[in-house]
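The data block below is my_file35.cif; it holds mmCIF, C-alpha atoms.
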data_query
loop_
_atom_site.label_atom_id
_atom_site.label_comp_id
_atom_site.auth_asym_id
_atom_site.auth_seq_id
_atom_site.Cartn_x
_atom_site.Cartn_y
_atom_site.Cartn_z
CA MET A 1 28.17 0.86 7.32
CA GLY A 2 24.78 2.28 8.24
CA VAL A 3 21.28 0.92 7.70
CA PRO A 4 19.31 2.41 4.79
CA ALA A 5 15.61 3.24 5.06
CA ALA A 6 14.76 0.80 2.27
CA ARG A 7 16.50 -1.67 -0.03
CA ILE A 8 15.22 -3.19 -3.26
CA VAL A 9 16.11 -6.87 -3.43
CA PHE A 10 16.88 -8.60 -6.73
CA ASP A 11 19.49 -11.30 -6.29
CA GLU A 12 21.75 -12.65 -9.02
CA ALA A 13 19.23 -15.25 -10.14
CA ASP A 14 16.46 -12.64 -10.30
CA ARG A 15 18.63 -10.34 -12.41
CA ALA A 16 19.53 -13.14 -14.78
CA ALA A 17 15.86 -14.08 -15.18
CA VAL A 18 14.91 -10.45 -15.88
CA ALA A 19 17.71 -10.15 -18.45
CA ALA A 20 16.55 -13.31 -20.23
CA ALA A 21 12.96 -12.08 -20.25
CA ALA A 22 14.02 -8.70 -21.63
CA GLU A 23 15.95 -10.38 -24.44
CA GLU A 24 12.90 -12.50 -25.29
CA ILE A 25 10.55 -9.50 -25.26
CA LEU A 26 12.80 -7.37 -27.42
CA ALA A 27 13.34 -10.22 -29.86
CA THR A 28 9.62 -10.79 -30.32
CA GLY A 29 8.69 -7.11 -30.43
CA ALA A 30 5.66 -7.74 -28.21
CA LEU A 31 6.25 -4.81 -25.86
CA THR A 32 2.81 -4.30 -24.32
CA LEU A 33 -0.27 -6.38 -23.44
CA GLY A 34 1.51 -9.59 -24.35
CA PRO A 35 2.24 -12.95 -22.71
CA TRP A 36 4.22 -11.56 -19.77
CA THR A 37 1.30 -9.34 -18.79
CA GLU A 38 -0.98 -12.38 -18.81
CA ARG A 39 1.51 -14.38 -16.74
CA PHE A 40 1.79 -11.59 -14.21
CA GLU A 41 -1.98 -11.27 -13.91
CA GLN A 42 -2.51 -15.00 -13.52
CA ALA A 43 0.27 -15.40 -10.97
CA PHE A 44 -0.84 -12.42 -8.88
CA ALA A 45 -4.47 -13.56 -8.87
CA ALA A 46 -3.42 -17.07 -7.84
CA GLU A 47 -1.18 -15.73 -5.06
CA HIS A 48 -4.19 -13.94 -3.55
CA ALA A 49 -6.81 -16.58 -4.35
CA ALA A 50 -8.66 -14.07 -6.52
CA ALA A 51 -10.67 -14.76 -9.66
CA HIS A 52 -9.35 -11.95 -11.86
CA ALA A 53 -6.39 -9.59 -12.09
CA VAL A 54 -5.74 -6.78 -14.58
CA ALA A 55 -2.24 -5.29 -14.81
CA VAL A 56 -2.03 -1.52 -15.23
CA SER A 57 0.58 1.23 -15.17
CA SER A 58 0.37 2.12 -11.45
CA GLY A 59 -1.52 1.55 -8.23
CA THR A 60 -3.08 4.99 -8.66
CA ALA A 61 -4.38 3.98 -12.09
CA ALA A 62 -5.79 0.77 -10.62
CA LEU A 63 -7.71 2.72 -8.01
CA GLU A 64 -9.02 5.30 -10.47
CA ILE A 65 -10.17 2.54 -12.81
CA LEU A 66 -12.16 0.93 -10.00
CA LEU A 67 -13.74 4.25 -9.07
CA ARG A 68 -14.63 4.96 -12.70
CA THR A 69 -16.13 1.49 -13.00
CA VAL A 70 -18.30 2.15 -9.93
CA GLY A 71 -19.32 5.57 -11.28
CA VAL A 72 -18.36 8.20 -8.69
CA ARG A 73 -18.51 11.29 -10.90
CA GLY A 74 -20.32 14.09 -9.09
CA ARG A 75 -20.69 11.99 -5.92
CA ASP A 76 -18.91 11.45 -2.59
CA VAL A 77 -16.25 8.85 -1.83
CA VAL A 78 -15.21 8.17 1.77
CA VAL A 79 -11.43 8.03 2.16
CA PRO A 80 -9.45 7.59 5.40
CA ALA A 81 -7.37 10.62 6.35
CA VAL A 82 -4.33 8.42 6.94
CA THR A 83 -3.23 7.40 3.47
CA PHE A 84 -1.14 8.60 0.55
CA TYR A 85 -2.31 11.52 -1.61
CA ALA A 86 -3.00 9.16 -4.52
CA THR A 87 -6.01 7.66 -2.72
CA ALA A 88 -7.77 11.04 -2.78
CA GLY A 89 -6.18 11.98 -6.11
CA ALA A 90 -7.78 8.97 -7.78
CA VAL A 91 -11.18 10.05 -6.44
CA LEU A 92 -10.74 13.57 -7.86
CA HIS A 93 -9.50 12.32 -11.23
CA ALA A 94 -12.48 9.97 -11.45
CA GLY A 95 -14.78 12.97 -10.94
CA GLY A 96 -15.73 12.28 -7.32
CA THR A 97 -15.50 14.31 -4.13
CA PRO A 98 -13.31 12.92 -1.33
CA VAL A 99 -14.89 12.88 2.13
CA PHE A 100 -12.22 12.32 4.76
CA ALA A 101 -12.88 9.96 7.67
CA ASP A 102 -11.00 9.59 10.92
CA VAL A 103 -9.23 6.31 11.69
CA ASP A 104 -8.92 3.74 14.43
CA PRO A 105 -5.55 4.49 16.07
CA ALA A 106 -5.04 0.77 16.68
CA THR A 107 -4.87 0.06 12.95
CA PHE A 108 -4.53 3.45 11.17
CA ALA A 109 -7.55 2.27 9.14
CA LEU A 110 -11.25 3.05 8.95
CA GLY A 111 -13.39 1.70 11.78
CA PRO A 112 -17.18 1.18 11.68
CA ALA A 113 -17.78 4.29 13.80
CA THR A 114 -15.46 6.54 11.80
CA LEU A 115 -16.95 5.29 8.55
CA GLU A 116 -20.51 5.80 9.77
CA ALA A 117 -19.66 9.38 10.72
CA ALA A 118 -18.33 10.14 7.23
CA LEU A 119 -21.12 8.62 5.13
CA THR A 120 -23.38 11.04 3.29
CA PRO A 121 -26.66 10.58 1.42
CA ASP A 122 -24.63 10.72 -1.81
CA THR A 123 -21.78 8.32 -0.95
CA ALA A 124 -20.88 6.38 -4.09
CA ALA A 125 -18.01 4.28 -2.70
CA VAL A 126 -15.82 3.67 0.35
CA VAL A 127 -12.06 3.14 0.08
CA LEU A 128 -10.47 0.96 2.78
CA VAL A 129 -6.68 1.34 2.99
CA HIS A 130 -4.47 -1.42 4.45
CA VAL A 131 -1.79 0.88 5.89
CA GLY A 132 1.64 -0.71 6.18
CA GLY A 133 0.20 -4.11 5.23
CA LEU A 134 -2.15 -4.33 8.23
CA ILE A 135 -5.72 -5.50 7.62
CA THR A 136 -8.13 -4.26 10.25
CA PRO A 137 -10.10 -6.88 12.21
CA ASP A 138 -13.15 -4.73 11.40
CA VAL A 139 -12.87 -5.51 7.70
CA ASP A 140 -15.95 -7.75 7.67
CA ALA A 141 -17.96 -5.25 9.70
CA LEU A 142 -16.97 -2.50 7.27
CA ARG A 143 -18.03 -4.64 4.33
CA THR A 144 -21.37 -5.41 6.01
CA LEU A 145 -21.96 -1.73 6.73
CA CYS A 146 -21.31 -0.90 3.09
CA ASP A 147 -23.47 -3.74 1.84
CA THR A 148 -26.44 -2.68 3.96
CA ARG A 149 -26.19 0.80 2.43
CA GLY A 150 -25.68 -0.51 -1.11
CA ILE A 151 -22.24 1.14 -1.28
CA PRO A 152 -19.30 -0.61 -2.96
CA LEU A 153 -16.22 -1.20 -0.80
CA ILE A 154 -12.93 -0.76 -2.64
CA GLU A 155 -9.58 -1.79 -1.16
CA ASP A 156 -6.50 0.35 -1.53
CA ALA A 157 -4.09 -2.56 -1.04
CA ALA A 158 -1.03 -0.71 -2.35
CA HIS A 159 0.91 -1.84 0.76
CA ALA A 160 -0.62 -5.26 1.26
CA HIS A 161 0.83 -7.83 -1.18
CA GLY A 162 0.58 -11.18 0.59
CA SER A 163 -1.18 -9.84 3.70
CA SER A 164 -4.24 -11.68 4.97
CA HIS A 165 -6.98 -11.67 7.60
CA ASP A 166 -8.29 -14.98 8.97
CA GLY A 167 -6.61 -16.69 6.02
CA ARG A 168 -8.27 -14.49 3.42
CA ALA A 169 -5.93 -12.47 1.22
CA ALA A 170 -5.85 -8.71 0.92
CA GLY A 171 -7.73 -7.64 -2.17
CA THR A 172 -10.62 -10.08 -1.74
CA PHE A 173 -12.83 -8.23 0.76
CA GLY A 174 -14.48 -5.67 -1.50
CA LEU A 175 -15.76 -5.24 -5.03
CA GLY A 176 -12.19 -4.74 -6.19
CA ALA A 177 -8.73 -3.83 -4.97
CA ALA A 178 -5.82 -1.73 -6.20
CA PHE A 179 -2.21 -2.87 -5.68
CA SER A 180 0.98 -0.93 -6.41
CA PHE A 181 4.33 -2.22 -7.64
CA TYR A 182 6.30 0.97 -7.02
CA PRO A 183 9.99 0.17 -6.31
CA THR A 184 9.69 0.32 -2.50
CA LYS A 185 6.86 -2.23 -2.33
CA VAL A 186 7.43 -5.80 -1.09
CA VAL A 187 7.07 -6.90 -4.73
CA THR A 188 7.92 -4.47 -7.51
CA SER A 189 7.74 -4.29 -11.27
CA GLY A 190 9.60 -0.96 -11.35
CA GLU A 191 6.36 0.88 -12.03
CA GLY A 192 2.97 -0.77 -12.22
CA GLY A 193 -0.27 -1.70 -10.53
CA MET A 194 -2.94 -4.37 -10.45
CA VAL A 195 -6.73 -4.47 -10.24
CA LEU A 196 -7.91 -7.53 -8.33
CA THR A 197 -11.58 -8.52 -8.40
CA ALA A 198 -14.02 -11.41 -8.21
CA SER A 199 -16.24 -9.69 -10.80
CA ALA A 200 -15.87 -10.54 -14.47
CA GLU A 201 -17.67 -7.28 -15.27
CA VAL A 202 -15.14 -5.21 -13.30
CA ARG A 203 -12.30 -7.15 -14.96
CA ASP A 204 -13.68 -6.37 -18.41
CA GLU A 205 -14.17 -2.69 -17.60
CA ALA A 206 -10.61 -2.46 -16.26
CA ARG A 207 -9.24 -3.93 -19.48
CA ILE A 208 -11.16 -1.32 -21.48
CA TYR A 209 -10.13 1.62 -19.30
CA ARG A 210 -6.42 0.73 -19.32
CA ASP A 211 -6.19 0.81 -23.12
CA GLN A 212 -7.62 4.23 -23.98
CA GLY A 213 -11.18 3.02 -23.50
CA LYS A 214 -11.06 0.74 -26.54
CA GLY A 215 -13.67 -1.96 -26.83
CA SER A 216 -11.02 -4.35 -28.18
CA PHE A 217 -7.23 -4.27 -28.43
CA GLY A 218 -7.00 -4.24 -32.21
CA ALA A 219 -9.88 -1.88 -33.02
CA ASN A 220 -10.16 1.92 -33.12
CA HIS A 221 -13.46 1.68 -31.27
CA HIS A 222 -13.58 3.66 -28.01
CA VAL A 223 -16.40 3.03 -25.55
CA ARG A 224 -15.03 4.60 -22.33
CA GLU A 225 -13.00 7.69 -21.42
CA GLY A 226 -9.89 5.64 -20.81
CA TYR A 227 -6.20 6.47 -20.59
CA ALA A 228 -2.85 4.97 -21.56
CA TRP A 229 -2.78 2.83 -18.42
CA ARG A 230 -1.14 -0.23 -19.97
CA LEU A 231 1.74 -2.03 -18.26
CA SER A 232 4.72 -2.69 -20.51
CA GLU A 233 5.86 -6.26 -21.06
CA LEU A 234 9.25 -5.39 -19.55
CA ASN A 235 7.60 -4.21 -16.33
CA ALA A 236 5.32 -7.25 -16.32
CA ALA A 237 8.32 -9.57 -16.62
CA VAL A 238 10.08 -7.87 -13.70
CA GLY A 239 6.93 -8.15 -11.61
CA THR A 240 6.34 -11.79 -12.49
CA ILE A 241 9.89 -12.73 -11.54
CA HIS A 242 9.86 -10.73 -8.30
CA LEU A 243 6.44 -12.15 -7.33
CA ARG A 244 7.99 -15.63 -7.14
CA ARG A 245 9.76 -14.49 -3.96
CA LEU A 246 6.74 -12.96 -2.22
CA LYS A 247 6.33 -15.67 0.41
CA GLU A 248 10.06 -15.67 1.15
CA PHE A 249 10.14 -11.90 1.45
CA VAL A 250 7.09 -11.76 3.73
CA GLU A 251 8.51 -14.37 6.07
CA ALA A 252 11.84 -12.53 6.23
CA ARG A 253 10.08 -9.27 7.03
CA ARG A 254 7.93 -10.94 9.67
CA GLU A 255 11.07 -12.25 11.35
CA VAL A 256 12.46 -8.70 11.48
CA ALA A 257 9.19 -7.56 13.05
CA ARG A 258 9.37 -10.34 15.65
CA ARG A 259 12.86 -9.18 16.61
CA TYR A 260 11.70 -5.58 16.90
CA ASP A 261 8.63 -6.59 18.94
CA ASP A 262 10.75 -8.51 21.43
CA ALA A 263 13.30 -5.71 21.78
CA LEU A 264 10.78 -2.90 22.20
CA ALA A 265 8.34 -4.73 24.47
CA GLY A 266 9.91 -3.44 27.66
CA ILE A 267 10.61 0.13 26.57
CA GLU A 268 8.14 2.51 28.17
CA GLY A 269 6.73 5.19 25.89
CA LEU A 270 7.77 3.66 22.55
CA GLN A 271 4.74 1.72 21.38
CA PRO A 272 4.86 -0.59 18.34
CA LEU A 273 1.60 -0.80 16.41
CA PRO A 274 0.55 -4.39 17.14
CA GLU A 275 -0.57 -6.79 14.46
CA PRO A 276 -4.37 -6.89 14.74
CA PRO A 277 -6.13 -10.13 15.75
CA GLY A 278 -6.55 -12.40 12.74
CA CYS A 279 -4.16 -10.36 10.58
CA ARG A 280 -1.02 -11.75 9.02
CA SER A 281 0.78 -8.67 7.76
CA ASN A 282 3.48 -8.56 5.09
CA ILE A 283 5.25 -5.96 7.30
CA TYR A 284 5.57 -3.47 4.48
CA LYS A 285 6.08 -0.98 7.30
CA TYR A 286 6.99 -1.47 10.96
CA ILE A 287 5.17 1.35 12.75
CA ALA A 288 5.87 2.59 16.27
CA LEU A 289 4.33 5.52 18.16
CA LEU A 290 6.49 8.01 20.01
CA PRO A 291 5.16 9.60 23.22
CA PRO A 292 2.78 12.56 22.78
CA GLY A 293 4.67 15.79 22.26
CA SER A 294 7.80 14.11 20.93
CA ASP A 295 10.04 15.87 18.43
CA ARG A 296 10.00 13.29 15.65
CA ALA A 297 12.44 15.17 13.44
CA ARG A 298 14.96 15.27 16.28
CA PHE A 299 14.42 11.58 17.05
CA LYS A 300 15.09 10.63 13.42
CA ARG A 301 18.08 12.93 13.17
CA GLU A 302 19.73 11.53 16.30
CA VAL A 303 19.09 7.94 15.21
CA TYR A 304 20.94 8.70 11.98
CA ASP A 305 23.66 10.98 13.32
CA GLY A 306 24.56 8.66 16.18
CA PHE A 307 24.10 5.25 14.58
CA GLY A 308 23.82 5.64 10.80
CA VAL A 309 20.24 4.31 10.79
CA ARG A 310 17.80 5.97 8.42
CA LEU A 311 14.19 5.48 9.45
CA ALA A 312 11.72 4.69 6.69
CA GLY A 313 9.18 7.28 5.54
CA GLU A 314 6.07 7.77 7.63
CA VAL A 315 2.58 6.52 6.76
CA TYR A 316 1.91 9.43 6.75
CA ASP A 317 3.34 12.55 8.39
CA LEU A 318 0.43 14.76 7.26
CA PRO A 319 -3.17 13.52 7.09
CA LEU A 320 -5.03 14.08 3.83
CA HIS A 321 -7.39 16.69 5.20
CA ARG A 322 -4.34 18.84 6.06
CA GLN A 323 -2.69 18.52 2.64
CA PRO A 324 -2.56 21.95 0.96
CA VAL A 325 -3.83 20.73 -2.40
CA LEU A 326 -6.87 19.13 -0.72
CA GLY A 327 -7.82 22.23 1.25
CA PRO A 328 -11.22 22.65 -0.46
CA TYR A 329 -12.26 19.24 0.93
CA GLN A 330 -10.79 19.65 4.42
CA GLY A 331 -13.88 19.06 6.54
CA PRO A 332 -13.88 18.89 10.35
CA PRO A 333 -10.89 18.05 12.58
CA LEU A 334 -10.02 14.36 12.71
CA PRO A 335 -8.21 13.97 16.02
CA ALA A 336 -7.07 10.34 15.82
CA ALA A 337 -5.59 10.80 12.34
CA GLU A 338 -3.89 14.03 13.36
CA ASP A 339 -2.39 12.39 16.46
CA VAL A 340 -1.00 9.24 14.85
CA CYS A 341 0.35 11.12 11.83
CA ALA A 342 2.21 13.52 14.13
CA ARG A 343 4.04 11.02 16.30
CA HIS A 344 4.73 7.71 14.58
CA VAL A 345 7.96 6.47 13.05
CA CYS A 346 8.69 3.53 10.78
CA LEU A 347 11.70 1.33 11.48
CA PRO A 348 13.56 0.04 8.42
CA VAL A 349 12.51 -3.41 7.22
CA HIS A 350 14.25 -5.05 4.26
CA SER A 351 13.42 -8.35 2.61
CA ASP A 352 17.06 -9.43 3.09
CA MET A 353 17.84 -7.66 6.37
CA THR A 354 20.92 -8.93 8.18
CA GLU A 355 21.33 -9.72 11.86
CA ASP A 356 23.79 -6.87 12.21
CA GLU A 357 21.34 -4.41 10.67
CA ILE A 358 18.51 -5.52 12.95
CA ALA A 359 20.76 -5.17 16.00
CA ARG A 360 21.94 -1.72 14.87
CA VAL A 361 18.36 -0.47 14.47
CA ILE A 362 17.33 -1.79 17.88
CA GLU A 363 20.38 -0.23 19.53
CA ALA A 364 19.80 3.12 17.83
CA VAL A 365 16.09 3.42 18.51
CA THR A 366 16.40 2.24 22.11
CA ALA A 367 19.30 4.52 22.99
CA VAL A 368 17.84 7.64 21.40
CA HIS A 369 14.40 7.11 22.89
CA ARG A 370 15.79 6.63 26.37
CA ARG A 371 18.04 9.65 26.07
CA LEU A 372 15.26 11.94 24.88
CA ALA A 373 12.77 10.59 27.42
CA ALA A 374 15.20 11.37 30.26
CA ARG A 375 15.35 15.08 29.35
#

Go ahead and express the file in the form of structure tokens.
Amino acid sequence: MGVPAARIVFDEADRAAVAAAAEEILATGALTLGPWTERFEQAFAAEHAAAHAVAVSSGTAALEILLRTVGVRGRDVVVPAVTFYATAGAVLHAGGTPVFADVDPATFALGPATLEAALTPDTAAVVLVHVGGLITPDVDALRTLCDTRGIPLIEDAAHAHGSSHDGRAAGTFGLGAAFSFYPTKVVTSGEGGMVLTASAEVRDEARIYRDQGKGSFGANHHVREGYAWRLSELNAAVGTIHLRRLKEFVEARREVARRYDDALAGIEGLQPLPEPPGCRSNIYKYIALLPPGSDRARFKREVYDGFGVRLAGEVYDLPLHRQPVLGPYQGPPLPAAEDVCARHVCLPVHSDMTEDEIARVIEAVTAVHRRLAAR
């Protein structure tokens, strides 16, 4: 048997709990914005030591809600070039203009210098992305830089459930944060997202935006240009049940990363992205850089053909300023983003990964790298 790129983990007890919750929800007929949504919000906020959480239909929706709350229409929003399309898509859908910034190659995230270079006189917000679950050690410096300019810092924490920096949880460094519960995430609700914030005002705005802009749930009284961004009770139940295993999953993933770190430490030219000082990552992704000029497609193909190991998807293979749909906002070359996007790979990490799977991945990656490097 080979090693898949990803595996979604719901054990027998999880499945039984989800089935019981589904029966309860269907029996009551409370299918949206009910008690399971409240439980999910409260549990997720508590897990991250945050004051408020608002469950929504996706991580993209969570980010767009935050940007709409800030008021970015007609203004600039700084976005790192190394992130998923949805980060820029949320800016566009909120009426803003994405301004792409280069990244620190040590973290794949914004750095103070790259942020400074991208700020404009009309910057309305800055989006900091925790790529792969890593929180940059510059997070406080980035927040200070934003604060001195009067610019809100928003976290795209789609990858970062349970990650922390100096004991402080992802999602608590800016005005608000957006999390995703897409199936591949460390914790999933099937589909869904969460707004995390210390601000009661942002919480209230998020609740309005997610329900078609209504001022109250039971009234036909619309005060914002909202959308159908509600999370169903069934999704909320799945997320609540899966969230109970977050600490267990993170520790399991961190053990996989420790094994990979040890195995790859002595391999010249294959460079794991180290965990930054002060960061405790959830290891949503295990990122390693191939040597400059490497043929990544060939590397991945030989790892699979020879050993049955499928490498996880990159984060990301094409920087945002090179995405065809974002061509009108391309801006200048961003050399660090272009370099790291071109030559990194992500080793598979599962929340229930076996010893045999870990050994197979190490064998595959080591053998293929050495063979290609010798040519």

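For the atom pair formed by CA of Val91 (chain A) and CA of Gln330 (chain A), the distance is 14.5 Å, given to one decimal.
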
message = Excluding Gly213 (chain A) and its own-chain neighbours fewer than 2 positions away, which residues fall within 10 Å of it when counting all atoms listed in the file? Please give them as a list in words.
response = Glu205, Ala206, Arg207, Ile208, Tyr209, Arg210, Asp211, Gly215, Ser216, Phe217, Asn220, His221, His222, Val223, Arg224, Glu225, Gly226, Tyr227, Ala228 and Trp229 of chain A

Enumerate, as an mmCIF file with C-alpha atoms, keeping the file's coordinate frame, the residues matched when the PyMOL selection byres ((chain A and resi 326) around 10) is run on the file above.
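Everything below was put into result-v9.cif:
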data_model
loop_
_atom_site.group_PDB
_atom_site.id
_atom_site.type_symbol
_atom_site.label_atom_id
_atom_site.label_comp_id
_atom_site.auth_asym_id
_atom_site.auth_seq_id
_atom_site.Cartn_x
_atom_site.Cartn_y
_atom_site.Cartn_z
ATOM 1 C CA TYR A 85 -2.310 11.520 -1.610
ATOM 2 C CA ALA A 88 -7.770 11.040 -2.780
ATOM 3 C CA GLY A 89 -6.180 11.980 -6.110
ATOM 4 C CA LEU A 92 -10.740 13.570 -7.860
ATOM 5 C CA PRO A 98 -13.310 12.920 -1.330
ATOM 6 C CA LEU A 320 -5.030 14.080 3.830
ATOM 7 C CA HIS A 321 -7.390 16.690 5.200
ATOM 8 C CA ARG A 322 -4.340 18.840 6.060
ATOM 9 C CA GLN A 323 -2.690 18.520 2.640
ATOM 10 C CA PRO A 324 -2.560 21.950 0.960
ATOM 11 C CA VAL A 325 -3.830 20.730 -2.400
ATOM 12 C CA GLY A 327 -7.820 22.230 1.250
ATOM 13 C CA PRO A 328 -11.220 22.650 -0.460
ATOM 14 C CA TYR A 329 -12.260 19.240 0.930
ATOM 15 C CA GLN A 330 -10.790 19.650 4.420
#

message = Between CA of Leu290 (chain A) and CA of Val315 (chain A), what is the distance in Å, rounded to a tenth?
response =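 Computing the Euclidean distance for CA of Leu290 (chain A) and CA of Val315 (chain A) yields 13.9 Å.
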
Using only C-alpha atoms, tabulate the residues of region 15-65 of chain A lying at most 12 Å from any atom of region 163-167 of chain A, each with its closest atom pair and that distance in Å to one decimal, by chain and increasing residue number, as CSV.
residue,atom,partner,partner_atom,distance
A:Glu47,CA,A:Ser163,CA,10.6
A:His48,CA,A:Ser164,CA,8.8
A:Ala49,CA,A:Gly167,CA,10.4

ask   = What gap, in Å, lies between CA of Ile362 (chain A) and CA of Ala263 (chain A)?
value =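 So the two atoms, CA of Ile362 (chain A) and CA of Ala263 (chain A), lie 6.8 Å apart.
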
Around all the atoms of region 176-193 of chain A listed in the file, draw an axis-aligned box and extend it by 4 Å on each of the six sides; I want its centre and edge lengths in Å to one decimal, as AutoDock Vina command-line options.
--center_x -1.1 --center_y -3.0 --center_z -6.7 --size_x 30.2 --size_y 15.9 --size_z 19.1

Starting from the incomplete input, reconstruct all heavy atoms of region 238-245 of chain A and report them as a tab-separated table (two decimals), keeping the file's coordinate frame.
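Result file follows (selection22.tsv):
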chain	number	residue	atom	x	y	z
A	238	VAL	N	9.43	-8.14	-14.99
A	238	VAL	CA	10.08	-7.87	-13.70
A	238	VAL	C	9.15	-8.24	-12.55
A	238	VAL	O	9.55	-8.88	-11.57
A	238	VAL	CB	10.50	-6.39	-13.61
A	238	VAL	CG1	11.00	-6.05	-12.21
A	238	VAL	CG2	11.59	-6.07	-14.63
A	239	GLY	N	7.88	-7.84	-12.66
A	239	GLY	CA	6.93	-8.15	-11.61
A	239	GLY	C	6.68	-9.63	-11.44
A	239	GLY	O	6.59	-10.14	-10.32
A	240	THR	N	6.57	-10.35	-12.55
A	240	THR	CA	6.34	-11.79	-12.49
A	240	THR	C	7.49	-12.50	-11.80
A	240	THR	O	7.28	-13.39	-10.96
A	240	THR	CB	6.16	-12.35	-13.91
A	240	THR	OG1	5.11	-11.66	-14.58
A	240	THR	CG2	5.84	-13.84	-13.88
A	241	ILE	N	8.70	-12.10	-12.12
A	241	ILE	CA	9.89	-12.73	-11.54
A	241	ILE	C	10.01	-12.38	-10.06
A	241	ILE	O	10.29	-13.25	-9.23
A	241	ILE	CB	11.13	-12.31	-12.34
A	241	ILE	CG1	11.10	-12.97	-13.72
A	241	ILE	CG2	12.42	-12.65	-11.60
A	241	ILE	CD1	11.97	-12.32	-14.77
A	242	HIS	N	9.76	-11.13	-9.71
A	242	HIS	CA	9.86	-10.73	-8.30
A	242	HIS	C	8.75	-11.39	-7.46
A	242	HIS	O	8.98	-11.74	-6.30
A	242	HIS	CB	9.77	-9.21	-8.19
A	242	HIS	CG	10.62	-8.63	-7.11
A	242	HIS	ND1	10.21	-7.60	-6.31
A	242	HIS	CD2	11.88	-8.95	-6.69
A	242	HIS	CE1	11.16	-7.30	-5.45
A	242	HIS	NE2	12.19	-8.10	-5.67
A	243	LEU	N	7.57	-11.56	-8.05
A	243	LEU	CA	6.44	-12.15	-7.33
A	243	LEU	C	6.75	-13.56	-6.84
A	243	LEU	O	6.22	-14.00	-5.81
A	243	LEU	CB	5.21	-12.17	-8.24
A	243	LEU	CG	3.92	-12.74	-7.65
A	243	LEU	CD1	3.44	-11.91	-6.46
A	243	LEU	CD2	2.83	-12.79	-8.73
A	244	ARG	N	7.64	-14.27	-7.54
A	244	ARG	CA	7.99	-15.63	-7.14
A	244	ARG	C	8.58	-15.67	-5.73
A	244	ARG	O	8.56	-16.72	-5.07
A	244	ARG	CB	8.98	-16.23	-8.13
A	244	ARG	CG	8.44	-16.38	-9.55
A	244	ARG	CD	9.56	-16.72	-10.52
A	244	ARG	NE	9.07	-16.73	-11.91
A	244	ARG	CZ	9.86	-16.81	-12.98
A	244	ARG	NH1	11.18	-16.87	-12.81
A	244	ARG	NH2	9.35	-16.80	-14.18
A	245	ARG	N	9.09	-14.54	-5.26
A	245	ARG	CA	9.76	-14.49	-3.96
A	245	ARG	C	8.88	-13.87	-2.87
A	245	ARG	O	9.36	-13.60	-1.76
A	245	ARG	CB	11.08	-13.73	-4.10
A	245	ARG	CG	12.01	-14.37	-5.14
A	245	ARG	CD	13.36	-13.72	-5.16
A	245	ARG	NE	14.09	-13.96	-3.92
A	245	ARG	CZ	15.25	-13.37	-3.62
A	245	ARG	NH1	15.78	-12.50	-4.47
A	245	ARG	NH2	15.87	-13.65	-2.50
